[in-house]
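Structure data follow from start_10.cif (mmCIF, C-alpha atoms):
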```cif
data_query
#
loop_
_atom_site.label_atom_id
_atom_site.label_comp_id
_atom_site.auth_asym_id
_atom_site.auth_seq_id
_atom_site.Cartn_x
_atom_site.Cartn_y
_atom_site.Cartn_z
CA MET W 1 -26.68 11.27 -18.02
CA ALA W 2 -26.78 7.76 -19.43
CA ASN W 3 -23.27 7.00 -18.19
CA GLU W 4 -23.63 8.54 -14.73
CA ILE W 5 -21.93 6.52 -12.00
CA LYS W 6 -24.51 5.13 -9.58
CA THR W 7 -22.59 2.50 -7.62
CA ILE W 8 -18.92 2.68 -6.68
CA GLY W 9 -16.87 -0.33 -5.69
CA VAL W 10 -13.70 -0.03 -3.61
CA LEU W 11 -10.91 -2.57 -3.19
CA THR W 12 -7.40 -2.76 -1.79
CA SER W 13 -4.82 -4.81 -3.64
CA GLY W 14 -1.19 -5.85 -3.33
CA GLY W 15 0.80 -5.15 -0.18
CA ASP W 16 -1.10 -3.48 2.64
CA ALA W 17 -0.09 0.00 3.80
CA PRO W 18 -0.99 2.08 6.86
CA GLY W 19 -3.65 4.57 5.78
CA MET W 20 -5.56 2.24 3.47
CA ASN W 21 -8.45 2.20 5.94
CA ALA W 22 -8.54 6.00 5.95
CA ALA W 23 -8.76 5.90 2.14
CA ILE W 24 -11.58 3.33 2.23
CA ARG W 25 -13.45 5.50 4.75
CA ALA W 26 -13.06 8.56 2.53
CA VAL W 27 -14.26 6.72 -0.58
CA VAL W 28 -17.35 5.39 1.18
CA ARG W 29 -18.40 8.63 2.84
CA ARG W 30 -17.58 10.91 -0.11
CA ALA W 31 -19.55 8.63 -2.44
CA LEU W 32 -22.54 8.45 -0.10
CA ALA W 33 -22.50 12.24 0.25
CA ALA W 34 -22.71 12.43 -3.58
CA GLY W 35 -25.75 10.17 -3.59
CA LYS W 36 -23.95 7.05 -4.80
CA LYS W 37 -24.19 3.50 -3.50
CA VAL W 38 -20.96 1.85 -2.33
CA LYS W 39 -19.88 -1.77 -2.39
CA GLY W 40 -16.73 -3.13 -0.76
CA ILE W 41 -14.81 -5.74 -2.71
CA GLN W 42 -12.96 -7.98 -0.27
CA ARG W 43 -9.50 -9.50 -0.87
CA GLY W 44 -8.73 -7.39 -3.92
CA TYR W 45 -9.10 -8.84 -7.42
CA ALA W 46 -9.19 -12.37 -5.98
CA GLY W 47 -12.29 -11.42 -3.99
CA LEU W 48 -13.82 -9.75 -7.04
CA LEU W 49 -13.57 -12.99 -9.01
CA GLN W 50 -15.05 -14.88 -6.06
CA GLU W 51 -17.84 -12.27 -5.78
CA GLU W 52 -16.89 -11.38 -2.21
CA ILE W 53 -18.80 -8.11 -2.44
CA ILE W 54 -20.58 -6.34 0.41
CA ASP W 55 -22.79 -3.27 0.74
CA MET W 56 -21.15 -0.43 2.65
CA ASN W 57 -22.63 2.51 4.56
CA LYS W 58 -21.32 5.17 6.92
CA ARG W 59 -21.28 2.74 9.83
CA SER W 60 -19.21 0.27 7.80
CA VAL W 61 -16.22 2.60 8.07
CA SER W 62 -16.71 3.92 11.60
CA ASP W 63 -13.71 3.71 13.92
CA ILE W 64 -11.24 2.52 11.26
CA ILE W 65 -9.20 5.62 10.42
CA GLN W 66 -6.67 4.85 13.16
CA ARG W 67 -6.25 1.19 12.24
CA GLY W 68 -3.39 -0.24 10.19
CA GLY W 69 -3.87 -2.79 7.44
CA THR W 70 -7.09 -2.87 5.45
CA ILE W 71 -10.56 -3.90 6.63
CA LEU W 72 -11.31 -5.10 3.09
CA GLN W 73 -8.21 -7.32 3.19
CA THR W 74 -5.91 -7.85 0.26
CA ALA W 75 -4.51 -10.68 -1.84
CA ARG W 76 -2.49 -11.43 -4.95
CA CYS W 77 -4.46 -12.84 -7.86
CA LYS W 78 -2.74 -14.67 -10.71
CA GLU W 79 -6.02 -15.28 -12.51
CA PHE W 80 -6.63 -11.55 -12.88
CA THR W 81 -3.46 -11.22 -14.95
CA THR W 82 -5.21 -13.14 -17.74
CA ALA W 83 -7.57 -11.64 -20.31
CA GLU W 84 -10.25 -14.14 -19.29
CA GLY W 85 -9.98 -13.19 -15.63
CA GLN W 86 -10.11 -9.48 -16.43
CA ALA W 87 -13.20 -9.86 -18.61
CA ARG W 88 -14.91 -11.96 -15.93
CA GLY W 89 -14.04 -9.33 -13.30
CA ALA W 90 -15.72 -6.62 -15.37
CA GLU W 91 -18.77 -8.82 -15.91
CA ILE W 92 -19.03 -9.45 -12.16
CA CYS W 93 -18.92 -5.70 -11.57
CA ARG W 94 -21.82 -5.25 -13.97
CA LYS W 95 -23.70 -8.14 -12.33
CA HIS W 96 -23.50 -6.33 -8.98
CA GLY W 97 -24.36 -2.95 -10.49
CA ILE W 98 -20.86 -1.55 -9.98
CA ASP W 99 -20.07 0.96 -12.71
CA GLY W 100 -17.04 2.59 -11.09
CA VAL W 101 -14.20 1.13 -9.01
CA VAL W 102 -11.60 2.80 -6.78
CA VAL W 103 -8.47 0.65 -6.60
CA ILE W 104 -6.12 1.37 -3.68
CA GLY W 105 -2.67 -0.14 -4.15
CA GLY W 106 0.57 0.01 -6.12
CA ASP W 107 1.61 -0.31 -9.73
CA GLY W 108 0.50 -3.94 -10.03
CA SER W 109 -2.93 -2.96 -8.74
CA PHE W 110 -3.09 -0.16 -11.29
CA ARG W 111 -2.43 -2.61 -14.11
CA GLY W 112 -5.52 -4.47 -12.95
CA ALA W 113 -7.48 -1.20 -12.89
CA GLN W 114 -6.25 -0.48 -16.40
CA LYS W 115 -7.66 -3.79 -17.60
CA LEU W 116 -11.01 -3.21 -15.88
CA ALA W 117 -11.24 0.15 -17.65
CA ALA W 118 -10.48 -1.52 -20.97
CA ASN W 119 -13.41 -3.85 -20.25
CA GLY W 120 -15.83 -0.96 -19.73
CA ILE W 121 -15.67 -0.34 -15.96
CA ASN W 122 -14.65 3.17 -14.93
CA THR W 123 -11.64 2.93 -12.64
CA ILE W 124 -9.54 5.31 -10.55
CA GLY W 125 -6.31 4.27 -8.82
CA VAL W 126 -5.20 5.58 -5.43
CA PRO W 127 -1.47 5.13 -4.67
CA GLY W 128 -1.21 3.00 -1.53
CA THR W 129 2.26 1.56 -0.96
CA ILE W 130 4.94 2.05 1.69
CA ASP W 131 7.61 1.96 -1.03
CA LEU W 132 6.93 5.47 -2.47
CA ASP W 133 7.71 3.98 -5.89
CA ILE W 134 4.74 5.21 -7.92
CA SER W 135 6.44 7.52 -10.38
CA CYS W 136 3.56 9.90 -11.11
CA THR W 137 3.07 11.03 -7.50
CA ASP W 138 5.20 12.76 -4.87
CA TYR W 139 3.53 10.76 -2.11
CA THR W 140 2.05 7.32 -1.57
CA ILE W 141 -0.19 6.26 1.31
CA GLY W 142 1.73 4.39 4.01
CA PHE W 143 5.20 5.76 3.40
CA ASP W 144 5.25 8.17 6.33
CA THR W 145 4.11 5.55 8.83
CA ALA W 146 6.53 2.93 7.49
CA VAL W 147 9.54 5.22 7.57
CA ASN W 148 8.71 6.35 11.11
CA THR W 149 8.35 2.73 12.22
CA ALA W 150 11.73 1.91 10.67
CA MET W 151 13.35 5.02 12.16
CA GLU W 152 12.21 4.14 15.68
CA ALA W 153 13.43 0.55 15.31
CA ILE W 154 16.84 1.70 14.04
CA ASP W 155 17.20 4.06 17.02
CA LYS W 156 16.73 1.04 19.30
CA VAL W 157 19.25 -1.07 17.38
CA ARG W 158 21.74 1.79 17.63
CA ASP W 159 21.48 1.71 21.44
CA THR W 160 22.50 -1.93 21.68
CA SER W 161 25.02 -1.56 18.87
CA THR W 162 26.75 1.19 20.86
CA SER W 163 26.68 -0.87 24.07
CA HIS W 164 28.44 -3.78 22.35
CA GLU W 165 30.59 -1.62 20.03
CA ARG W 166 29.15 -3.43 17.02
CA CYS W 167 28.53 -2.76 13.40
CA SER W 168 24.83 -3.21 12.63
CA ILE W 169 23.42 -3.78 9.17
CA ILE W 170 19.71 -2.93 9.24
CA GLU W 171 17.63 -3.97 6.25
CA VAL W 172 14.51 -1.93 5.50
CA MET W 173 11.70 -2.58 3.01
CA GLY W 174 11.03 -0.88 -0.30
CA ARG W 175 11.25 -3.59 -2.98
CA GLY W 176 13.49 -2.12 -5.69
CA ALA W 177 13.21 1.45 -4.38
CA GLY W 178 15.48 3.06 -1.80
CA TYR W 179 13.25 5.80 -0.40
CA ILE W 180 12.73 4.26 3.06
CA ALA W 181 16.46 3.57 3.30
CA LEU W 182 17.36 7.11 2.20
CA TRP W 183 15.00 8.77 4.66
CA CYS W 184 16.18 6.55 7.51
CA GLY W 185 19.78 7.19 6.52
CA ILE W 186 19.28 10.89 7.12
CA ALA W 187 16.82 10.64 10.02
CA ASN W 188 18.89 8.04 11.93
CA GLY W 189 22.30 9.47 11.14
CA ALA W 190 23.56 6.22 9.64
CA GLU W 191 27.22 5.90 8.71
CA ASP W 192 26.45 4.14 5.41
CA VAL W 193 23.26 3.83 3.34
CA LEU W 194 22.92 1.31 0.51
CA LEU W 195 20.31 2.13 -2.13
CA PRO W 196 19.48 0.02 -5.21
CA GLU W 197 19.61 3.19 -7.29
CA LYS W 198 23.11 4.15 -6.10
CA TYR W 199 25.03 1.23 -4.60
CA ASP W 200 28.10 0.09 -6.55
CA TYR W 201 28.57 -3.13 -4.50
CA ASP W 202 32.00 -1.94 -3.31
CA GLU W 203 32.13 -3.66 0.10
CA GLN W 204 35.73 -2.66 0.56
CA ARG W 205 34.57 0.94 0.88
CA LEU W 206 32.27 -0.11 3.73
CA VAL W 207 35.13 -1.99 5.39
CA ASN W 208 37.39 1.07 5.09
CA ASN W 209 34.70 3.32 6.57
CA ILE W 210 34.27 1.05 9.59
CA ILE W 211 38.02 0.85 10.22
CA GLU W 212 38.50 4.61 9.85
CA ASN W 213 35.59 5.36 12.18
CA ARG W 214 37.04 3.02 14.82
CA LYS W 215 40.32 4.92 14.64
CA ILE W 216 38.57 8.20 15.50
CA GLY W 217 36.67 6.67 18.41
CA LYS W 218 33.28 5.70 16.97
CA GLN W 219 31.65 3.07 19.19
CA HIS W 220 29.21 1.75 16.59
CA HIS W 221 28.62 1.73 12.85
CA ILE W 222 25.12 1.69 11.34
CA ILE W 223 24.64 0.51 7.76
CA ILE W 224 21.10 0.84 6.41
CA ASN W 225 20.56 -1.64 3.60
CA ALA W 226 17.60 -1.42 1.23
CA GLU W 227 15.53 -4.53 0.50
CA GLY W 228 16.39 -4.23 -3.19
CA ILE W 229 20.00 -5.05 -2.31
CA GLY W 230 19.28 -7.51 0.50
CA HIS W 231 21.58 -10.35 1.62
CA SER W 232 22.25 -8.51 4.90
CA THR W 233 23.18 -11.62 6.88
CA SER W 234 25.88 -12.78 4.47
CA MET W 235 27.10 -9.19 4.14
CA ALA W 236 27.46 -9.01 7.93
CA ARG W 237 29.59 -12.17 7.96
CA ARG W 238 31.92 -10.82 5.30
CA ILE W 239 32.30 -7.43 6.98
CA GLU W 240 33.04 -8.99 10.36
CA ALA W 241 35.69 -11.22 8.80
CA ALA W 242 37.30 -8.24 7.03
CA THR W 243 37.22 -5.78 9.95
CA GLY W 244 37.36 -7.91 13.07
CA VAL W 245 34.41 -5.86 14.34
CA GLU W 246 31.41 -7.83 15.61
CA THR W 247 28.71 -7.32 12.98
CA ARG W 248 25.04 -8.20 13.19
CA ALA W 249 22.22 -8.04 10.63
CA THR W 250 18.70 -6.97 11.57
CA ILE W 251 15.94 -7.36 8.98
CA LEU W 252 12.98 -5.20 10.02
CA GLY W 253 10.60 -6.91 7.60
CA HIS W 254 6.83 -6.64 7.66
CA MET W 255 6.62 -4.71 10.93
CA GLN W 256 7.04 -1.69 8.62
CA ARG W 257 3.66 -2.41 6.99
CA GLY W 258 1.70 -2.40 10.24
CA GLY W 259 0.75 0.06 12.94
CA SER W 260 -1.57 2.99 13.36
CA PRO W 261 -1.06 5.46 10.49
CA THR W 262 0.50 8.84 11.17
CA ALA W 263 -1.45 12.08 10.83
CA ARG W 264 0.12 12.63 7.40
CA ASP W 265 -0.98 9.22 6.15
CA ARG W 266 -4.50 9.67 7.52
CA MET W 267 -4.76 13.11 5.93
CA MET W 268 -3.32 12.16 2.53
CA ALA W 269 -5.34 8.94 2.35
CA SER W 270 -8.55 10.82 3.14
CA VAL W 271 -7.92 13.48 0.50
CA MET W 272 -6.82 10.97 -2.15
CA GLY W 273 -9.82 8.70 -1.50
CA ALA W 274 -12.25 11.59 -1.74
CA TYR W 275 -10.54 12.90 -4.89
CA ALA W 276 -10.88 9.46 -6.51
CA VAL W 277 -14.65 9.56 -5.96
CA ASP W 278 -14.79 13.07 -7.40
CA CYS W 279 -12.98 11.81 -10.50
CA LEU W 280 -15.54 9.02 -10.99
CA CYS W 281 -18.42 11.43 -10.48
CA ALA W 282 -16.88 13.69 -13.12
CA GLY W 283 -16.95 10.79 -15.61
CA LYS W 284 -13.23 10.05 -15.53
CA SER W 285 -11.79 6.57 -15.94
CA ASN W 286 -8.39 4.85 -16.23
CA ARG W 287 -6.83 7.54 -14.03
CA VAL W 288 -4.44 7.56 -11.06
CA VAL W 289 -4.73 10.10 -8.26
CA ALA W 290 -1.42 11.85 -7.55
CA LEU W 291 0.09 14.54 -5.35
CA LYS W 292 2.16 17.00 -7.37
CA LYS W 293 3.59 20.20 -5.88
CA ASN W 294 1.20 19.79 -2.95
CA GLN W 295 -1.84 19.70 -5.24
CA MET W 296 -4.13 16.78 -6.11
CA VAL W 297 -4.05 15.89 -9.80
CA ASP W 298 -4.75 12.76 -11.84
CA PHE W 299 -2.90 10.99 -14.63
CA ASP W 300 -3.88 8.49 -17.28
CA ILE W 301 -2.89 5.06 -15.93
CA ASP W 302 -1.02 4.21 -19.15
CA GLU W 303 1.00 7.41 -18.81
CA ALA W 304 1.55 6.88 -15.07
CA LEU W 305 2.87 3.34 -15.50
CA ALA W 306 5.30 4.49 -18.20
CA MET W 307 6.89 7.14 -15.95
CA GLU W 308 10.24 6.56 -14.24
CA LYS W 309 11.30 7.81 -10.85
CA GLY W 310 14.75 8.00 -9.30
CA VAL W 311 16.16 8.92 -5.91
CA ASN W 312 16.69 12.65 -5.45
CA ASP W 313 20.41 13.24 -6.11
CA TYR W 314 20.58 16.24 -3.79
CA GLU W 315 19.00 14.34 -0.90
CA PHE W 316 21.40 11.45 -1.47
CA ASP W 317 24.34 13.87 -1.47
CA ILE W 318 23.12 15.29 1.84
CA CYS W 319 22.76 11.77 3.24
CA THR W 320 26.35 10.96 2.25
CA THR W 321 27.78 14.26 3.51
CA LEU W 322 26.09 14.14 6.90
CA ALA W 323 27.25 10.56 7.51
CA ARG W 324 30.92 11.55 7.54
#
```

What would the structure in this file look like if it were written as structure tokens?
Amino acid sequence: MANEIKTIGVLTSGGDAPGMNAAIRAVVRRALAAGKKVKGIQRGYAGLLQEEIIDMNKRSVSDIIQRGGTILQTARCKEFTTAEGQARGAEICRKHGIDGVVVIGGDGSFRGAQKLAANGINTIGVPGTIDLDISCTDYTIGFDTAVNTAMEAIDKVRDTSTSHERCSIIEVMGRGAGYIALWCGIANGAEDVLLPEKYDYDEQRLVNNIIENRKIGKQHHIIINAEGIGHSTSMARRIEAATGVETRATILGHMQRGGSPTARDRMMASVMGAYAVDCLCAGKSNRVVALKKNQMVDFDIDEALAMEKGVNDYEFDICTTLAR
């Protein structure tokens, strides 16, 4: 076949996520098993434009599946948002013999993959983001680890919040999506959960909940606040002034991105990475790997980016019901 993929490049882009290394490992070893050469592109699209490209073999990905972050590193790249940068990126791929690229990242990374495909380089996206905000897939690499990290931290904050009879506002990551907050709301038994998709900015309701819970003997009050709402510190000051209850804000921040990935993240990353290679070997391009109904499928990137995804109403109802 004249258009057969011979050399596959792999890069990680955007925010790092636990499990990215497992995906890199799967891409490299699946590609080698199919008789392809593999090149690692360091620091995402920025590294591509700087030609930070290395040969990879089986040993290159030994002993990395348990490591957080990404051995290829990641970076934002403003230049790659331009037509000139995208065309130069494709030309650099051709210069290094790369005729297929696996891009591990979120929606911004997929837009870059889309542009590489438009410039003649076969590309497959693998959803790697702790935010779970890629609409075409039921799962994204890193979410399980991040939500477990947040859950464990919130359990610890609850202990001290109970000891001091405080209200604690705990801010979790997720950009404009509330999935980490929703899962922690249920898993941690929070009294209130604020999601960008659902919150009506009625702070008086929060104040009333805290006062009512104090009346029935609650020794603490946990509010989980999604990053997309933010402003946890100023919110804590207002709530303390309105309730008379000592209120503290804890912003968990980037600790949620790190740490050894869970078994689920290692498994899903491995399967998604291997599936991406299979897609390239089958001649596919401009596709995103996705988990749907527990099966691996792939979508056109244009179609995937146009999809919308909201918080599950039933799960949110359960979260609200169990908090009372």

Problem - Contacts of Glu203 (chain W) within 10 Å, all atoms listed in the file, excl. fewer than 3 positions in-chain, as a PyMOL selection string - result: chain W and resi 199-200+206-209+235+238-239+242

Exercise for the section: Using all atoms listed in the file, pick whichever of W:Thr162, W:Asn225, W:Thr140, W:Thr149 has the shortest atom-to-atom distance to Arg264 (chain W). Expected result: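 Ranking W:Thr162, W:Asn225, W:Thr140, W:Thr149 by distance to Arg264 (chain W), first place goes to W:Thr140.
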
Handout entry: For Gly230 (chain W), the nearest of the candidates W:Leu291, W:Ala269, W:Ile186, W:Val172, counting only C-alpha atoms
Key = W:Val172

Practice task
Would you mind telling me which residue in W:Leu322, W:Ile41, W:Ile180, W:Ala187 lies nearest to Val103 (chain W) when using only C-alpha atoms?
Solution key: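 Closest residue, counting only C-alpha atoms: W:Ile41.
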
Region 7-9 of chain W surroundings by only C-alpha atoms, 8 Å radius, close-in-sequence under 5 positions cut, as a short mmCIF file (atom, residue, chain, number, x, y, z; two decimals) with C-alpha atoms, in the frame of the given file:
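Result file is part_15.cif:
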```cif
data_model
loop_
_atom_site.label_atom_id
_atom_site.label_comp_id
_atom_site.auth_asym_id
_atom_site.auth_seq_id
_atom_site.Cartn_x
_atom_site.Cartn_y
_atom_site.Cartn_z
CA ALA W 31 -19.55 8.63 -2.44
CA LYS W 36 -23.95 7.05 -4.80
CA LYS W 37 -24.19 3.50 -3.50
CA VAL W 38 -20.96 1.85 -2.33
CA LYS W 39 -19.88 -1.77 -2.39
CA GLY W 40 -16.73 -3.13 -0.76
CA ILE W 41 -14.81 -5.74 -2.71
CA GLY W 97 -24.36 -2.95 -10.49
CA ILE W 98 -20.86 -1.55 -9.98
CA ASP W 99 -20.07 0.96 -12.71
CA GLY W 100 -17.04 2.59 -11.09
CA VAL W 101 -14.20 1.13 -9.01
CA VAL W 102 -11.60 2.80 -6.78
#
```

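Checking W:Ile224, W:Val28, W:Ala249, W:Cys77 one by one against Arg59 (chain W), counting only C-alpha atoms, you find the shortest gap at W:Val28.
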
Practice task
Might you spell out which residues the PyMOL selection byres ((chain W and resi 274) around 6) would select in the displayed file, as a PyMOL selection string?
Solution key: chain W and resi 26-27+30+271-273+275-277

Counting all atoms listed in the file, which residues of region 83-115 of chain W fall within 9 Å of region 119-130 of chain W, and what is the closest atom pair for each with its distance in Å at one decimal, ordered by chain and rising number, as CSV?
```
residue,atom,partner,partner_atom,distance
W:Gln86,CA,W:Asn119,CA,7.6
W:Ala87,CA,W:Asn119,CA,6.2
W:Gly89,CA,W:Asn119,CA,8.9
W:Ala90,CA,W:Asn119,CA,6.1
W:Glu91,CA,W:Asn119,CA,8.5
W:Cys93,CA,W:Ile121,CA,7.7
W:Arg94,CA,W:Ile121,CA,8.1
W:Ile98,CA,W:Ile121,CA,8.0
W:Asp99,CA,W:Ile121,CA,5.6
W:Gly100,CA,W:Asn122,CA,4.6
W:Val101,CA,W:Thr123,CA,4.8
W:Val102,CA,W:Ile124,CA,5.0
W:Val103,CA,W:Gly125,CA,4.8
W:Ile104,CA,W:Val126,CA,4.7
W:Gly105,CA,W:Gly128,CA,4.3
W:Gly106,CA,W:Thr129,CA,5.6
W:Asp107,CA,W:Pro127,CA,8.0
W:Ser109,CA,W:Gly125,CA,8.0
W:Phe110,CA,W:Gly125,CA,6.0
W:Ala113,CA,W:Thr123,CA,5.9
W:Gln114,CA,W:Thr123,CA,7.4
W:Lys115,CA,W:Asn119,CA,6.3
```

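Ranking W:Asn188, W:Ser232, W:Thr262, W:Ser62 by their shortest atom-to-atom distance to Ala17 (chain W), with only C-alpha atoms included, puts W:Thr262 first.
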
Exercise for the section: Select, from W:Thr160, W:Ile134, W:Gln204, W:Gly185, the residue with the minimum atom-to-atom distance to Phe299 (chain W), counting only C-alpha atoms. Expected result: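 The answer is W:Ile134, which sits nearest to Phe299 (chain W).
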